[in-house]
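Quick look at protein.cif (mmCIF, C-alpha atoms and all ligand atoms):
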```cif
data_target
loop_
_atom_site.group_PDB
_atom_site.id
_atom_site.type_symbol
_atom_site.label_atom_id
_atom_site.label_comp_id
_atom_site.auth_asym_id
_atom_site.auth_seq_id
_atom_site.Cartn_x
_atom_site.Cartn_y
_atom_site.Cartn_z
ATOM 1 C CA MET A 1 21.710 -38.580 30.358
ATOM 2 C CA GLU A 2 20.449 -42.178 30.450
ATOM 3 C CA LEU A 3 22.051 -42.942 33.844
ATOM 4 C CA GLU A 4 20.758 -41.847 37.245
ATOM 5 C CA GLY A 5 22.800 -39.762 39.653
ATOM 6 C CA VAL A 6 25.114 -36.808 39.395
ATOM 7 C CA ARG A 7 27.319 -36.603 36.315
ATOM 8 C CA VAL A 8 30.014 -34.082 35.414
ATOM 9 C CA ILE A 9 30.646 -32.882 31.872
ATOM 10 C CA VAL A 10 34.166 -31.652 31.175
ATOM 11 C CA SER A 11 34.011 -29.365 28.167
ATOM 12 C CA ARG A 12 37.084 -28.881 25.982
ATOM 13 C CA GLN A 13 36.010 -25.430 24.869
ATOM 14 C CA VAL A 14 33.434 -22.799 25.668
ATOM 15 C CA CYS A 15 29.812 -23.352 24.705
ATOM 16 C CA ALA A 16 29.155 -22.232 21.124
ATOM 17 C CA LEU A 17 26.088 -20.284 22.253
ATOM 18 C CA TYR A 18 28.191 -18.389 24.801
ATOM 19 C CA ARG A 19 30.630 -17.587 21.995
ATOM 20 C CA VAL A 20 27.773 -16.266 19.831
ATOM 21 C CA GLY A 21 26.589 -14.019 22.679
ATOM 22 C CA GLN A 22 30.100 -12.688 23.294
ATOM 23 C CA ALA A 23 30.618 -11.921 19.608
ATOM 24 C CA ARG A 24 27.302 -10.061 19.408
ATOM 25 C CA ARG A 25 28.125 -7.991 22.478
ATOM 26 C CA LYS A 26 31.460 -7.027 20.921
ATOM 27 C CA GLY A 27 29.797 -6.168 17.604
ATOM 28 C CA ILE A 28 31.623 -8.945 15.760
ATOM 29 C CA LYS A 29 29.675 -10.151 12.735
ATOM 30 C CA LEU A 30 29.890 -13.946 12.497
ATOM 31 C CA PRO A 31 29.544 -15.769 9.173
ATOM 32 C CA VAL A 32 25.915 -16.513 8.314
ATOM 33 C CA PHE A 33 25.013 -19.923 6.934
ATOM 34 C CA ARG A 34 21.774 -21.091 5.363
ATOM 35 C CA VAL A 35 20.358 -24.192 3.742
ATOM 36 C CA ASN A 36 19.930 -23.789 0.008
ATOM 37 C CA THR A 37 16.546 -25.491 -0.391
ATOM 38 C CA GLU A 38 17.175 -25.995 -4.102
ATOM 39 C CA LYS A 39 20.144 -28.203 -3.271
ATOM 40 C CA CYS A 40 18.819 -29.908 -0.111
ATOM 41 C CA THR A 41 17.482 -33.347 -1.058
ATOM 42 C CA GLY A 42 16.097 -34.045 2.412
ATOM 43 C CA CYS A 43 18.494 -36.950 2.956
ATOM 44 C CA LYS A 44 18.700 -36.052 6.705
ATOM 45 C CA ILE A 45 22.404 -36.921 6.954
ATOM 46 C CA CYS A 46 22.931 -33.625 8.772
ATOM 47 C CA ILE A 47 20.079 -34.434 11.167
ATOM 48 C CA ASN A 48 20.898 -38.081 11.883
ATOM 49 C CA THR A 49 24.698 -38.133 11.882
ATOM 50 C CA PHE A 50 25.756 -34.587 12.770
ATOM 51 C CA GLY A 51 25.203 -33.050 16.182
ATOM 52 C CA CYS A 52 24.885 -29.332 15.556
ATOM 53 C CA PRO A 53 21.965 -28.008 17.636
ATOM 54 C CA ALA A 54 21.434 -25.132 15.193
ATOM 55 C CA ILE A 55 20.300 -27.577 12.484
ATOM 56 C CA SER A 56 16.792 -28.967 12.616
ATOM 57 C CA TRP A 57 14.226 -30.504 10.333
ATOM 58 C CA ASP A 58 11.531 -28.489 8.603
ATOM 59 C CA SER A 59 8.756 -31.078 8.434
ATOM 60 C CA GLU A 60 6.623 -28.970 6.102
ATOM 61 C CA ALA A 61 9.327 -28.276 3.550
ATOM 62 C CA LYS A 62 11.003 -31.652 4.196
ATOM 63 C CA LYS A 63 14.384 -29.912 4.238
ATOM 64 C CA ALA A 64 17.003 -29.119 6.851
ATOM 65 C CA LYS A 65 17.019 -25.605 8.302
ATOM 66 C CA ILE A 66 19.384 -23.514 10.422
ATOM 67 C CA ASP A 67 18.327 -21.540 13.487
ATOM 68 C CA PRO A 68 20.302 -18.276 13.063
ATOM 69 C CA THR A 69 20.149 -17.561 16.809
ATOM 70 C CA MET A 70 22.135 -20.757 17.521
ATOM 71 C CA CYS A 71 24.507 -20.875 14.546
ATOM 72 C CA TRP A 72 27.961 -19.421 15.183
ATOM 73 C CA GLY A 73 29.178 -19.835 11.605
ATOM 74 C CA CYS A 74 31.798 -22.555 12.081
ATOM 75 C CA GLY A 75 31.105 -23.953 8.605
ATOM 76 C CA SER A 76 31.345 -27.626 9.627
ATOM 77 C CA CYS A 77 27.939 -28.362 8.117
ATOM 78 C CA SER A 78 29.175 -27.360 4.670
ATOM 79 C CA GLN A 79 31.700 -30.211 4.892
ATOM 80 C CA ILE A 80 29.220 -32.948 5.794
ATOM 81 C CA CYS A 81 26.376 -32.308 3.343
ATOM 82 C CA PRO A 82 27.019 -34.459 0.249
ATOM 83 C CA TYR A 83 24.871 -32.099 -1.846
ATOM 84 C CA GLY A 84 26.530 -28.834 -0.870
ATOM 85 C CA ALA A 85 23.290 -27.449 0.524
ATOM 86 C CA PHE A 86 24.878 -25.511 3.396
ATOM 87 C CA GLU A 87 26.086 -22.186 2.077
ATOM 88 C CA VAL A 88 27.659 -19.120 3.601
ATOM 89 C CA VAL A 89 25.630 -16.036 2.753
ATOM 90 C CA ARG A 90 27.746 -13.544 4.678
ATOM 91 C CA GLU A 91 31.414 -13.743 5.570
ATOM 92 C CA ALA A 92 32.651 -12.726 9.027
ATOM 93 C CA LYS A 93 33.571 -9.059 9.590
HETATM 94 S S1 LIG B 1 21.214 -30.118 4.135
HETATM 95 FE FE1 LIG B 1 22.369 -31.700 3.042
HETATM 96 S S2 LIG B 1 22.703 -33.333 4.540
HETATM 97 FE FE2 LIG B 1 21.036 -32.019 5.342
HETATM 98 S S3 LIG B 1 19.113 -32.963 4.610
HETATM 99 FE FE3 LIG B 1 19.694 -31.419 3.117
HETATM 100 S S4 LIG B 1 20.896 -32.553 1.559
HETATM 101 FE FE4 LIG B 1 20.824 -33.839 3.396
HETATM 102 S S1 LIG B 2 27.849 -23.163 10.527
HETATM 103 FE FE1 LIG B 2 26.692 -25.099 10.367
HETATM 104 S S2 LIG B 2 27.712 -26.519 11.783
HETATM 105 FE FE2 LIG B 2 28.413 -24.448 12.318
HETATM 106 S S3 LIG B 2 27.023 -23.770 13.948
HETATM 107 FE FE3 LIG B 2 26.152 -23.044 12.006
HETATM 108 S S4 LIG B 2 24.717 -24.637 11.359
HETATM 109 FE FE4 LIG B 2 26.038 -25.532 12.926
#
```
Same coordinates, now as structure tokens:
Amino acid sequence: MELEGVRVIVSRQVCALYRVGQARRKGIKLPVFRVNTEKCTGCKICINTFGCPAISWDSEAKKAKIDPTMCWGCGSCSQICPYGAFEVVREAK
């Protein structure tokens, strides 16, 4: 993105958002994750070192938050938070 000119991105798998849309159309219920605000210390490790676009910063609460329209329930976030703040609230069906 920092260089001028045409660039090509070769993706190794389908876009996660496309996968979310496909699952919804097929009626598949994906796992639902949330940030447990009691456990989130606001360390921002998930913001600064992890690239999931579904995770953003709630500047009022000073906690991480998950956009449910972008999360496809992969569970990777639950492995990177040192405080165990990412929790599954509904398993896939
Ligand atoms: S969710 Fe975990 S990694 Fe992200 S800010 Fe909160 S405590 Fe830190
Ligand atoms: S489960 Fe966590 S890492 Fe996976 S898409 Fe949702 S917020 Fe991102």
List every protein, DNA or RNA residue that has an atom no more than 8 Å from (18.1, -30.4, -0.9) in the file's coordinate frame, counting all atoms listed in the file, and report them as an MDAnalysis selection string.
chainID A and resid 36:43 63:64 83 85
Neighbourhood of ligand LIG 1 (chain B) at 12 Å, counting all atoms listed in the file, reported as a VMD selection string
chain A and resid 33 to 52 55 to 59 61 to 66 76 to 87
Output the residue selection produced by the PyMOL selection byres (((chain A and resi 69) around 9) and not hetatm) on the file above, formatted as a list of chain:residue names.
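So the PyMOL selection byres (((chain A and resi 69) around 9) and not hetatm), applied here, picks out A:Leu17, A:Val20, A:Ala54, A:Ile66, A:Asp67, A:Pro68, A:Met70, A:Cys71, A:Trp72.
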Mind writing the picked residues with C-alpha atoms as a tab-separated table (two decimals), keeping the file's coordinate frame?
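The resulting file, again-v7.tsv, is shown below:
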```tsv
chain	number	residue	atom	x	y	z
A	17	LEU	CA	26.09	-20.28	22.25
A	20	VAL	CA	27.77	-16.27	19.83
A	54	ALA	CA	21.43	-25.13	15.19
A	66	ILE	CA	19.38	-23.51	10.42
A	67	ASP	CA	18.33	-21.54	13.49
A	68	PRO	CA	20.30	-18.28	13.06
A	70	MET	CA	22.14	-20.76	17.52
A	71	CYS	CA	24.51	-20.88	14.55
A	72	TRP	CA	27.96	-19.42	15.18
```
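As for CA of Gly27 in chain A and CA of Pro53 in chain A, they are spaced 23.2 Å apart.
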Residue among A:Ile28, A:Val6, A:Ala16, A:Ala23 lying closest to ligand LIG 2 (chain B), counting only C-alpha atoms and all ligand atoms
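So, comparing all the options, the nearest one is A:Ala16.
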Quick one: pull the distance between CA of Gly21 in chain A and CA of Val88 in chain A, Å, one decimal.
19.8 Å
When you look at Gly73 in chain A with a cut-off of 7 Å (counting only C-alpha atoms), what residues show up, excluding the ones that are within fewer than 6 positions of it in the same chain? I need them as a list in words.
Leu30, Pro31, Val32 and Phe33 of chain A
Mind pulling up the distance from CA of Glu91 in chain A to CA of Val14 in chain A?
22.1 Å
With only C-alpha atoms and all ligand atoms as the basis for distance, which of A:Val89, A:Met1, A:Cys74, A:Val8 is at the shortest distance from ligand LIG 2 (chain B)?
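For ligand LIG 2 (chain B), the nearest of the given residues is A:Cys74.
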Out of A:Ser11, A:Arg25, A:Leu3, A:Arg19, which residue has the shortest atom-to-atom distance to ligand LIG 2 (chain B) when counting only C-alpha atoms and all ligand atoms?
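For ligand LIG 2 (chain B), the nearest of the candidates is A:Arg19.
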Which residue is closest to ligand LIG 2 (chain B)? Choose from A:Val10, A:Glu60, A:Glu4, A:Cys15 and count all atoms listed in the file.
A:Cys15
Taking all atoms of ligand LIG 2 (chain B) that the file lists and extending 4 Å past them on each side, where is the centre of the axis-aligned box and how long are its edges? Answer in Å to one decimal, as JSON.
```
{"center_x": 26.6, "center_y": -24.8, "center_z": 12.2, "size_x": 11.7, "size_y": 11.5, "size_z": 11.6}
```
